[in-house]
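Engineer: This is the content of coords-v8.csv (CSV, C-alpha atoms):
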chain,number,residue,atom,x,y,z
A,2,MET,CA,-40.4,-32.9,23.7
A,3,ASN,CA,-39.5,-32.0,27.3
A,4,ALA,CA,-39.0,-28.6,28.8
A,5,ASP,CA,-35.2,-28.8,28.6
A,6,ASN,CA,-35.3,-29.6,24.9
A,7,LEU,CA,-37.7,-26.7,24.3
A,8,ARG,CA,-35.3,-24.3,26.1
A,9,ALA,CA,-32.3,-25.6,24.2
A,10,GLY,CA,-34.3,-25.2,20.9
A,11,SER,CA,-35.2,-21.6,21.9
A,12,ALA,CA,-31.6,-20.8,22.7
A,13,ARG,CA,-30.4,-22.3,19.4
A,14,SER,CA,-33.0,-20.3,17.5
A,15,GLU,CA,-32.0,-17.0,19.3
A,16,ALA,CA,-28.4,-17.6,18.5
A,17,GLU,CA,-29.0,-18.5,14.9
A,18,GLU,CA,-31.1,-15.3,14.5
A,19,LEU,CA,-28.2,-13.2,15.9
A,20,LEU,CA,-25.8,-14.9,13.5
A,21,ALA,CA,-28.0,-14.2,10.5
A,22,ALA,CA,-28.4,-10.6,11.5
A,23,SER,CA,-24.6,-10.1,11.8
A,24,ALA,CA,-24.1,-10.4,8.1
A,25,ASP,CA,-24.4,-6.6,7.7
A,26,TRP,CA,-21.1,-6.0,9.6
A,27,ASP,CA,-23.0,-4.8,12.6
A,28,LEU,CA,-19.9,-5.4,14.8
A,29,PRO,CA,-16.5,-3.7,14.9
A,30,PRO,CA,-14.2,-5.9,12.7
A,31,SER,CA,-11.8,-7.0,15.4
A,32,ARG,CA,-14.6,-8.8,17.3
A,33,HIS,CA,-16.8,-10.0,14.5
A,34,LEU,CA,-15.3,-13.5,14.3
A,35,LEU,CA,-15.1,-13.9,18.1
A,36,ARG,CA,-18.8,-13.1,18.4
A,37,LYS,CA,-19.7,-15.8,15.9
A,38,ASP,CA,-17.5,-18.3,17.6
A,39,ILE,CA,-19.0,-17.6,21.0
A,40,LEU,CA,-22.6,-17.8,19.7
A,41,MET,CA,-22.0,-21.1,17.9
A,42,HIS,CA,-20.3,-22.6,20.9
A,43,GLN,CA,-23.3,-21.6,23.0
A,44,ILE,CA,-25.6,-23.4,20.5
A,45,ASP,CA,-23.6,-26.5,20.8
A,46,HIS,CA,-23.5,-26.2,24.6
A,47,ASP,CA,-27.2,-25.7,25.0
A,48,HIS,CA,-27.9,-28.8,22.7
A,49,ARG,CA,-25.6,-30.9,24.9
A,50,SER,CA,-26.8,-29.5,28.2
A,51,SER,CA,-30.5,-30.4,27.4
A,52,ASP,CA,-29.5,-34.1,28.0
A,53,GLU,CA,-27.9,-33.5,31.4
A,54,PRO,CA,-29.8,-34.3,34.6
A,55,SER,CA,-31.3,-31.3,36.5
A,56,SER,CA,-28.8,-31.7,39.2
A,57,ALA,CA,-25.9,-30.9,36.9
A,58,PRO,CA,-23.8,-27.9,38.1
A,59,SER,CA,-24.8,-24.5,36.8
A,60,ARG,CA,-22.7,-22.9,34.0
A,61,ARG,CA,-22.2,-19.4,32.7
A,62,ARG,CA,-24.9,-18.8,30.1
A,63,LEU,CA,-24.7,-16.4,27.1
A,64,PRO,CA,-26.8,-13.4,28.0
A,65,ARG,CA,-29.3,-12.0,25.5
A,66,LEU,CA,-27.3,-9.6,23.4
A,67,ALA,CA,-28.6,-6.5,21.6
A,68,LEU,CA,-26.9,-6.1,18.2
A,69,ALA,CA,-26.1,-2.5,19.0
A,70,LEU,CA,-24.0,-3.6,22.1
A,71,PRO,CA,-20.4,-2.6,21.6
A,72,ALA,CA,-18.5,-5.7,20.4
A,73,THR,CA,-15.6,-5.1,22.8
A,74,SER,CA,-17.9,-6.0,25.7
A,75,LEU,CA,-19.0,-9.2,23.9
A,76,ALA,CA,-15.6,-10.7,24.1
A,77,VAL,CA,-16.2,-12.5,27.4
A,78,ALA,CA,-19.9,-13.4,26.9
A,79,GLY,CA,-20.0,-17.2,27.1
A,80,ALA,CA,-16.3,-17.5,26.6
A,81,LEU,CA,-15.8,-20.1,29.2
A,82,ILE,CA,-17.8,-22.7,27.3
A,83,VAL,CA,-14.9,-23.0,24.9
A,84,THR,CA,-12.4,-25.8,25.5
A,85,PHE,CA,-9.2,-24.2,26.8
A,86,SER,CA,-6.6,-26.2,24.9
A,87,SER,CA,-4.9,-25.0,21.8
A,88,SER,CA,-3.4,-26.9,18.9
A,89,ASP,CA,-1.4,-23.8,17.9
A,90,HIS,CA,2.0,-23.2,19.5
A,91,THR,CA,3.0,-19.8,18.1
A,92,SER,CA,1.7,-17.8,21.0
A,93,ALA,CA,4.2,-15.7,23.0
A,94,PRO,CA,4.9,-16.5,26.6
A,95,THR,CA,2.8,-14.9,29.3
A,96,ALA,CA,4.3,-12.9,32.1
A,97,GLY,CA,7.5,-14.9,32.9
A,98,SER,CA,7.4,-17.2,35.9
A,99,THR,CA,11.1,-16.5,36.3
A,100,THR,CA,10.4,-12.9,37.2
A,101,SER,CA,8.6,-12.0,40.4
A,102,ALA,CA,5.2,-10.4,40.3
A,103,PRO,CA,6.3,-7.2,42.0
A,104,THR,CA,9.2,-6.8,39.5
A,105,ARG,CA,6.8,-7.4,36.5
A,106,VAL,CA,4.5,-4.7,37.9
A,107,ASN,CA,7.2,-2.2,38.5
A,108,THR,CA,8.7,-2.9,35.1
A,109,ALA,CA,5.3,-2.4,33.5
A,110,HIS,CA,5.0,1.0,35.1
A,111,VAL,CA,8.5,2.1,34.0
A,112,THR,CA,7.9,0.7,30.4
A,113,LEU,CA,4.6,2.6,30.1
A,114,ASP,CA,6.2,5.8,31.2
A,115,ARG,CA,8.8,5.3,28.5
A,116,ILE,CA,6.1,4.6,25.9
A,117,ALA,CA,4.1,7.7,27.0
A,118,ALA,CA,7.2,9.9,26.6
A,119,ALA,CA,7.9,8.4,23.1
A,120,ALA,CA,4.3,8.9,22.1
A,121,LYS,CA,4.3,12.6,23.2
A,122,LYS,CA,7.3,13.2,20.8
A,123,THR,CA,5.6,11.8,17.7
A,124,GLU,CA,4.4,14.2,15.0
A,125,ALA,CA,0.7,15.0,15.0
A,126,ASN,CA,-1.3,13.7,12.0
A,127,PRO,CA,-4.7,15.4,12.2
A,128,VAL,CA,-7.7,13.8,10.4
A,129,LYS,CA,-10.4,16.0,8.9
A,130,GLU,CA,-14.1,15.2,9.2
A,131,ASP,CA,-14.4,14.2,5.5
A,132,GLN,CA,-11.4,11.9,5.6
A,133,PHE,CA,-10.9,8.3,6.8
A,134,VAL,CA,-8.3,6.6,9.0
A,135,TYR,CA,-6.9,3.7,7.1
A,136,VAL,CA,-5.5,0.8,9.1
A,137,GLN,CA,-4.1,-2.4,7.6
A,138,ARG,CA,-3.3,-5.3,9.9
A,139,LEU,CA,-2.7,-9.0,9.8
A,140,ALA,CA,-4.9,-11.2,11.9
A,141,ARG,CA,-5.5,-14.7,13.0
A,142,GLU,CA,-8.7,-15.8,14.7
A,143,ASN,CA,-10.1,-19.0,16.4
A,144,LYS,CA,-11.3,-21.4,13.7
A,145,GLY,CA,-11.7,-24.4,16.0
A,146,ALA,CA,-14.6,-26.8,15.7
A,147,PHE,CA,-17.7,-25.9,17.8
A,148,GLY,CA,-17.3,-27.4,21.3
A,149,GLY,CA,-13.6,-28.3,20.5
A,150,PRO,CA,-10.3,-26.8,21.3
A,151,VAL,CA,-9.2,-23.3,20.2
A,152,LYS,CA,-7.3,-23.5,16.9
A,153,LEU,CA,-6.0,-20.4,15.2
A,154,GLY,CA,-6.8,-20.0,11.5
A,155,ALA,CA,-4.5,-18.7,8.8
A,156,VAL,CA,-3.0,-15.2,8.8
A,157,HIS,CA,-5.1,-12.9,6.7
A,158,LYS,CA,-5.2,-9.2,5.9
A,159,GLU,CA,-7.7,-6.8,7.2
A,160,GLU,CA,-8.1,-3.2,5.8
A,161,ILE,CA,-10.3,-0.8,7.7
A,162,TRP,CA,-11.4,2.7,6.9
A,163,MET,CA,-12.7,4.5,10.0
A,164,ALA,CA,-15.1,7.4,9.3
A,165,GLN,CA,-14.6,10.8,11.0
A,166,LYS,CA,-17.9,12.5,10.7
A,167,ALA,CA,-19.3,14.3,13.7
A,168,GLY,CA,-22.5,12.3,13.5
A,169,PRO,CA,-24.9,11.0,14.3
A,170,VAL,CA,-24.1,8.2,11.9
A,171,THR,CA,-25.0,4.5,11.4
A,172,THR,CA,-22.0,3.7,9.2
A,173,THR,CA,-18.8,4.1,11.2
A,174,GLY,CA,-16.4,2.6,8.7
A,175,TRP,CA,-15.7,0.1,6.1
A,176,LEU,CA,-13.9,-3.3,6.1
A,177,ARG,CA,-12.2,-5.5,3.6
A,178,SER,CA,-10.5,-8.8,4.4
A,179,SER,CA,-8.4,-11.0,2.1
A,180,GLY,CA,-6.6,-14.3,2.3
A,181,LYS,CA,-7.5,-17.7,3.7
A,182,ASP,CA,-9.9,-17.7,6.7
A,183,ALA,CA,-10.9,-14.1,6.0
A,184,VAL,CA,-14.5,-13.0,6.6
A,185,MET,CA,-16.2,-12.3,3.2
A,186,PRO,CA,-12.8,-12.2,1.4
A,187,GLY,CA,-12.2,-9.4,-1.1
A,188,GLN,CA,-15.5,-7.7,-0.4
A,189,LEU,CA,-15.7,-4.1,0.9
A,190,GLY,CA,-18.5,-3.9,3.4
A,191,PRO,CA,-19.8,-1.2,5.7
A,192,ILE,CA,-19.3,-1.4,9.5
A,193,THR,CA,-22.8,-0.4,10.7
A,194,SER,CA,-24.6,0.2,14.0
A,195,THR,CA,-28.3,-0.6,14.5
A,196,ALA,CA,-28.7,2.9,16.1
A,197,SER,CA,-27.2,6.3,15.2
A,198,VAL,CA,-24.0,7.0,17.2
A,199,ARG,CA,-21.9,10.1,17.9
A,200,PRO,CA,-18.2,10.2,18.4
A,201,GLY,CA,-17.1,8.5,21.5
A,202,LEU,CA,-15.5,5.3,22.8
A,203,TRP,CA,-17.5,3.2,20.3
A,204,TYR,CA,-16.9,5.6,17.4
A,205,PRO,CA,-13.5,7.2,18.1
A,206,THR,CA,-12.9,10.0,15.7
A,207,TYR,CA,-9.7,12.0,15.7
A,208,ALA,CA,-11.7,15.1,16.9
A,209,TRP,CA,-13.2,13.2,19.8
A,210,LEU,CA,-9.7,11.8,20.8
A,211,ALA,CA,-8.3,15.4,20.7
A,212,SER,CA,-11.1,16.5,23.0
A,213,LEU,CA,-10.3,14.1,25.7
A,214,PRO,CA,-8.6,15.2,28.9
A,215,THR,CA,-4.8,14.9,28.9
A,216,ASP,CA,-4.6,14.4,32.7
A,217,PRO,CA,-4.2,10.6,33.1
A,218,ASP,CA,-6.5,10.3,36.1
A,219,ALA,CA,-9.3,12.3,34.4
A,220,LEU,CA,-8.9,10.3,31.2
A,221,LEU,CA,-9.0,7.0,33.0
A,222,ASP,CA,-12.1,8.1,34.9
A,223,LEU,CA,-13.8,8.9,31.6
A,224,LEU,CA,-12.9,5.4,30.2
A,225,TYR,CA,-14.2,3.6,33.3
A,226,THR,CA,-17.5,5.6,33.0
A,227,GLN,CA,-18.0,4.7,29.4
A,228,THR,CA,-17.0,1.1,29.6
A,229,MET,CA,-19.7,-1.6,29.7
A,230,VAL,CA,-19.0,-4.8,31.6
A,231,GLU,CA,-20.5,-8.2,31.2
A,232,LYS,CA,-21.6,-10.2,34.2
A,233,ASP,CA,-18.8,-11.9,36.0
A,234,ASP,CA,-16.1,-9.9,34.1
A,235,SER,CA,-13.6,-7.5,35.5
A,236,LYS,CA,-14.1,-3.8,35.0
A,237,ASP,CA,-10.3,-3.3,34.9
A,238,GLU,CA,-9.9,-5.9,32.1
A,239,ALA,CA,-12.8,-4.4,30.2
A,240,VAL,CA,-11.2,-1.0,30.3
A,241,PHE,CA,-7.8,-2.4,29.3
A,242,ARG,CA,-9.4,-4.3,26.4
A,243,ASN,CA,-11.2,-1.2,25.2
A,244,ILE,CA,-7.9,0.7,25.2
A,245,GLY,CA,-6.5,-2.0,23.1
A,246,GLU,CA,-9.3,-1.5,20.6
A,247,LEU,CA,-8.5,2.1,20.4
A,248,LEU,CA,-4.8,1.5,19.8
A,249,ARG,CA,-5.4,-0.9,16.9
A,250,SER,CA,-8.0,1.3,15.1
A,251,VAL,CA,-7.2,5.0,15.3
A,252,ILE,CA,-4.7,7.7,14.7
A,253,MET,CA,-4.3,9.5,18.0
A,254,PRO,CA,-3.1,13.0,18.9
A,255,PRO,CA,0.3,12.7,20.6
A,256,GLU,CA,-0.9,14.4,23.9
A,257,THR,CA,-3.8,12.0,24.1
A,258,ALA,CA,-1.7,9.0,23.4
A,259,SER,CA,0.8,10.0,26.1
A,260,ALA,CA,-1.9,10.5,28.7
A,261,LEU,CA,-3.5,7.2,27.7
A,262,TYR,CA,-0.4,5.2,28.4
A,263,LYS,CA,0.1,6.9,31.7
A,264,ALA,CA,-3.5,6.1,32.6
A,265,VAL,CA,-2.9,2.4,31.7
A,266,ALA,CA,-0.1,2.3,34.2
A,267,THR,CA,-2.5,3.0,37.0
A,268,ILE,CA,-4.9,0.2,36.2
A,269,PRO,CA,-4.7,-2.5,38.9
A,270,GLY,CA,-3.1,-5.8,37.7
A,271,ILE,CA,-0.9,-4.4,34.9
A,272,THR,CA,2.2,-6.5,34.3
A,273,TRP,CA,5.1,-6.7,31.9
A,274,ILE,CA,6.1,-9.4,29.4
A,275,PRO,CA,9.7,-9.3,28.2
A,276,ASP,CA,8.9,-10.9,24.8
A,277,ALA,CA,5.6,-11.0,23.0
A,278,VAL,CA,5.1,-11.9,19.3
A,279,ASP,CA,2.5,-10.3,17.0
A,280,ALA,CA,0.8,-11.9,14.0
A,281,ALA,CA,3.6,-10.7,11.7
A,282,GLY,CA,6.1,-12.6,13.8
A,283,ARG,CA,7.6,-9.4,15.2
A,284,HIS,CA,9.0,-9.6,18.7
A,285,GLY,CA,8.1,-6.8,21.1
A,286,ILE,CA,7.5,-5.8,24.7
A,287,GLY,CA,4.2,-6.9,26.1
A,288,ILE,CA,1.9,-5.2,28.6
A,289,THR,CA,-1.0,-7.3,29.9
A,290,HIS,CA,-3.6,-7.2,32.6
A,291,GLU,CA,-3.9,-10.1,35.0
A,292,ASP,CA,-7.1,-10.4,37.1
A,293,ALA,CA,-8.5,-13.6,38.5
A,294,GLY,CA,-12.0,-12.3,37.8
A,295,SER,CA,-11.5,-12.0,34.1
A,296,ALA,CA,-12.6,-14.5,31.4
A,297,THR,CA,-10.1,-13.1,28.9
A,298,ARG,CA,-6.7,-11.5,28.9
A,299,THR,CA,-5.3,-9.0,26.4
A,300,VAL,CA,-1.6,-8.4,25.6
A,301,LEU,CA,-0.6,-5.1,24.0
A,302,ILE,CA,2.7,-5.3,22.1
A,303,PHE,CA,5.1,-2.5,21.5
A,304,ASP,CA,8.3,-2.3,19.4
A,305,LYS,CA,11.3,-2.8,21.5
A,306,ASP,CA,13.2,0.1,19.9
A,307,THR,CA,10.7,2.8,18.9
A,308,LEU,CA,8.1,1.8,21.6
A,309,ALA,CA,5.3,2.2,19.0
A,310,TYR,CA,2.3,0.0,19.3
A,311,ILE,CA,2.5,-2.9,16.8
A,312,GLY,CA,-0.1,-5.5,17.7
A,313,SER,CA,-2.0,-7.6,20.3
A,314,GLN,CA,-2.9,-11.0,21.5
A,315,ALA,CA,-6.1,-12.2,23.2
A,316,TYR,CA,-6.4,-15.2,25.4
A,317,PHE,CA,-9.2,-17.2,27.1
A,318,VAL,CA,-8.0,-17.4,30.7
A,319,HIS,CA,-7.2,-20.8,32.2
A,320,ASP,CA,-9.6,-22.2,34.7
A,321,LYS,CA,-8.4,-24.9,37.1
A,322,ALA,CA,-11.9,-25.9,38.0
A,323,ARG,CA,-12.4,-27.0,34.4
A,324,GLY,CA,-9.1,-28.8,34.3
A,325,THR,CA,-7.2,-26.3,32.1
A,326,THR,CA,-3.6,-25.5,32.9
A,327,SER,CA,-2.8,-22.6,30.6
A,328,ASP,CA,-4.4,-19.7,28.8
A,329,ALA,CA,-5.6,-20.3,25.2
A,330,LEU,CA,-4.6,-17.8,22.5
A,331,PHE,CA,-7.7,-17.2,20.4
A,332,SER,CA,-6.8,-14.0,18.5
A,333,ILE,CA,-3.6,-12.3,17.4
A,334,ASP,CA,-3.0,-9.3,15.1
A,335,ALA,CA,-0.3,-6.9,13.9
A,336,VAL,CA,-0.8,-3.3,12.7
A,337,MET,CA,1.2,-3.0,9.5
A,338,GLU,CA,0.0,0.4,8.2
A,339,ARG,CA,-1.8,3.6,9.4
A,340,SER,CA,-2.6,6.5,7.2
A,341,VAL,CA,-5.1,9.2,6.3
A,342,VAL,CA,-7.1,8.8,3.0
A,343,ASP,CA,-9.9,10.9,1.4
A,344,ARG,CA,-12.3,8.0,0.5
A,345,HIS,CA,-13.1,4.6,1.8
A,346,GLY,CA,-11.6,1.9,-0.4
A,347,GLU,CA,-8.6,4.1,-1.1
A,348,VAL,CA,-5.3,2.6,-0.3
A,349,PRO,CA,-2.2,4.8,0.5
A,350,ALA,CA,0.2,5.0,-2.4
A,351,LYS,CA,3.1,3.3,-0.6
A,352,THR,CA,0.8,0.5,0.4
A,353,ALA,CA,-0.5,0.1,-3.1
A,354,ASP,CA,3.0,-0.1,-4.4
Write the structure described by the file as structure tokens, please.
Structural biologist:
Amino acid sequence: MNADNLRAGSARSEAEELLAASADWDLPPSRHLLRKDILMHQIDHDHRSSDEPSSAPSRRRLPRLALALPATSLAVAGALIVTFSSSDHTSAPTAGSTTSAPTRVNTAHVTLDRIAAAAKKTEANPVKEDQFVYVQRLARENKGAFGGPVKLGAVHKEEIWMAQKAGPVTTTGWLRSSGKDAVMPGQLGPITSTASVRPGLWYPTYAWLASLPTDPDALLDLLYTQTMVEKDDSKDEAVFRNIGELLRSVIMPPETASALYKAVATIPGITWIPDAVDAAGRHGIGITHEDAGSATRTVLIFDKDTLAYIGSQAYFVHDKARGTTSDALFSIDAVMERSVVDRHGEVPAKTAD
């Protein structure tokens, strides 16, 4: 066995060990499937690359990942080893080519100002330390074959109960998925961390959100400080993606939400999409971040009438050097319900009915 085969075998072993360790719900639910997909693509890539001559062009390699690393920063790790073609055609259009870039940027700023104003008028729904934030959403994830094109799986339901304790804690919530292509369907499992964590960006309790600055510039500075970035990724996109993780997982104080949307408007590369579709088939307004240095692109979707957040899309960004001509949708979701409950596993009465 030559040195290349030894290295490929070592990479395969490391990735398989990480996959085995992930069975205890170590990652936040919205990135659990993506992490598995990325790791397994890397296994396939390393196996194939061991047969390439030494003069072959260098490629992005999956870095060694600590299981405690926040999953939102895992999204771009090794992402470009996926084939960027999609057999699914349900994705919403990207920022329209018929509208000029300056217009899309200006419209994004105006739209985010409107969203911020609407958020500030919503009624506060405080969450106590001994309660849980319940979020029900529909989701579709990449189920394509290893080394093959992106292919979205079936729509399935995810129910999440986010804990609110001040910490430090190792169990930050609970997850139950159901339906075809769900992870561990029907089983209620803990979302755990390999190390104790306190409320913050990776464990966003209502109390922590309420403590954040409501000055948009100060809030954005805090998010940039706490955001981790993978090699070759864009800091702006990483921050935007983390904001999306917050929007789909928490109940936010109105003042904090308003400041957050104003902060988003100041991130370089923010643009507007006139029509974006979530996993439930609902059409809304899209806000996305475009950056040539990013491996992924997130679209935040808002109701056209109420301006409330309703879902998101996530794309692998096209790469002309690899012969791809469009972004590949690899994840899409829709928030169907948010509520406060007293116990994990408890479903709000109107949802149960």
Engineer: Step by step: start from the point (-12.4, -13.8, 8.0) in the file's coordinates, keep every protein, DNA or RNA residue that has an atom no farther than 10 Å from it, count all atoms listed in the file, and write the set as a PyMOL selection string.
Structural biologist: chain A and resi 30+33-34+140-142+144+154-159+177-186
Engineer: Using all atoms listed in the file, determine which residues lie at most 8 Å from Trp162 of chain A, disregarding the query and same-chain residues fewer than 6 positions distant; provide the list as a VMD selection string.
Structural biologist: chain A and resid 133 to 136 174 to 176 345 to 346
Engineer: May I have a table of the residues of segment 96-165 of chain A lying at most 10 Å from segment 301-323 of chain A, giving each one's closest pair of atoms and their distance in Å to one decimal, counting all atoms listed in the file, ordered by chain and ascending residue number, as a Markdown table?
Structural biologist:
| residue | atom | partner | partner_atom | distance |
| --- | --- | --- | --- | --- |
| A:Thr112 | CA | A:Leu308 | CA | 8.9 |
| A:Leu113 | CA | A:Leu308 | CA | 9.2 |
| A:Arg115 | CA | A:Leu308 | CA | 7.8 |
| A:Ile116 | CA | A:Leu308 | CA | 5.5 |
| A:Ala117 | CA | A:Leu308 | CA | 8.9 |
| A:Ala118 | CA | A:Leu308 | CA | 9.6 |
| A:Ala119 | CA | A:Leu308 | CA | 6.8 |
| A:Ala120 | CA | A:Ala309 | CA | 7.4 |
| A:Thr123 | CA | A:Ala309 | CA | 9.7 |
| A:Arg138 | CA | A:Gly312 | CA | 8.4 |
| A:Leu139 | CA | A:Gly312 | CA | 9.0 |
| A:Ala140 | CA | A:Gly312 | CA | 9.4 |
| A:Arg141 | CA | A:Gln314 | CA | 9.6 |
| A:Glu142 | CA | A:Ala315 | CA | 9.6 |
| A:Val151 | CA | A:Phe317 | CA | 9.2 |
Engineer: A:Asn126, A:Gln165, A:Thr299, A:Ser212: which is nearest Ser332 of chain A, counting all atoms listed in the file?
Structural biologist: A:Thr299
Engineer: So which one's closest to Ile286 of chain A, A:Ser194, A:Thr172, A:Ser101, A:Thr108? Using all atoms listed in the file, please.
Structural biologist: A:Thr108
Engineer: Between A:Gly287, A:Gly168, A:Pro254, A:Pro349, which is the closest to Ala196 of chain A once you count only C-alpha atoms?
Structural biologist: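 Counting only C-alpha atoms, the residue closest to Ala196 of chain A is A:Gly168.
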Engineer: Mind pulling up the distance from atom CA of Ile288 of chain A to atom CA of Val128 of chain A?
Structural biologist: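 Here the two named atoms are 28.0 Å from each other.
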Engineer: Can you measure atom CA of Tyr225 of chain A to atom CA of Ala264 of chain A for me? One decimal in Å is fine.
Structural biologist: 11.0 Å
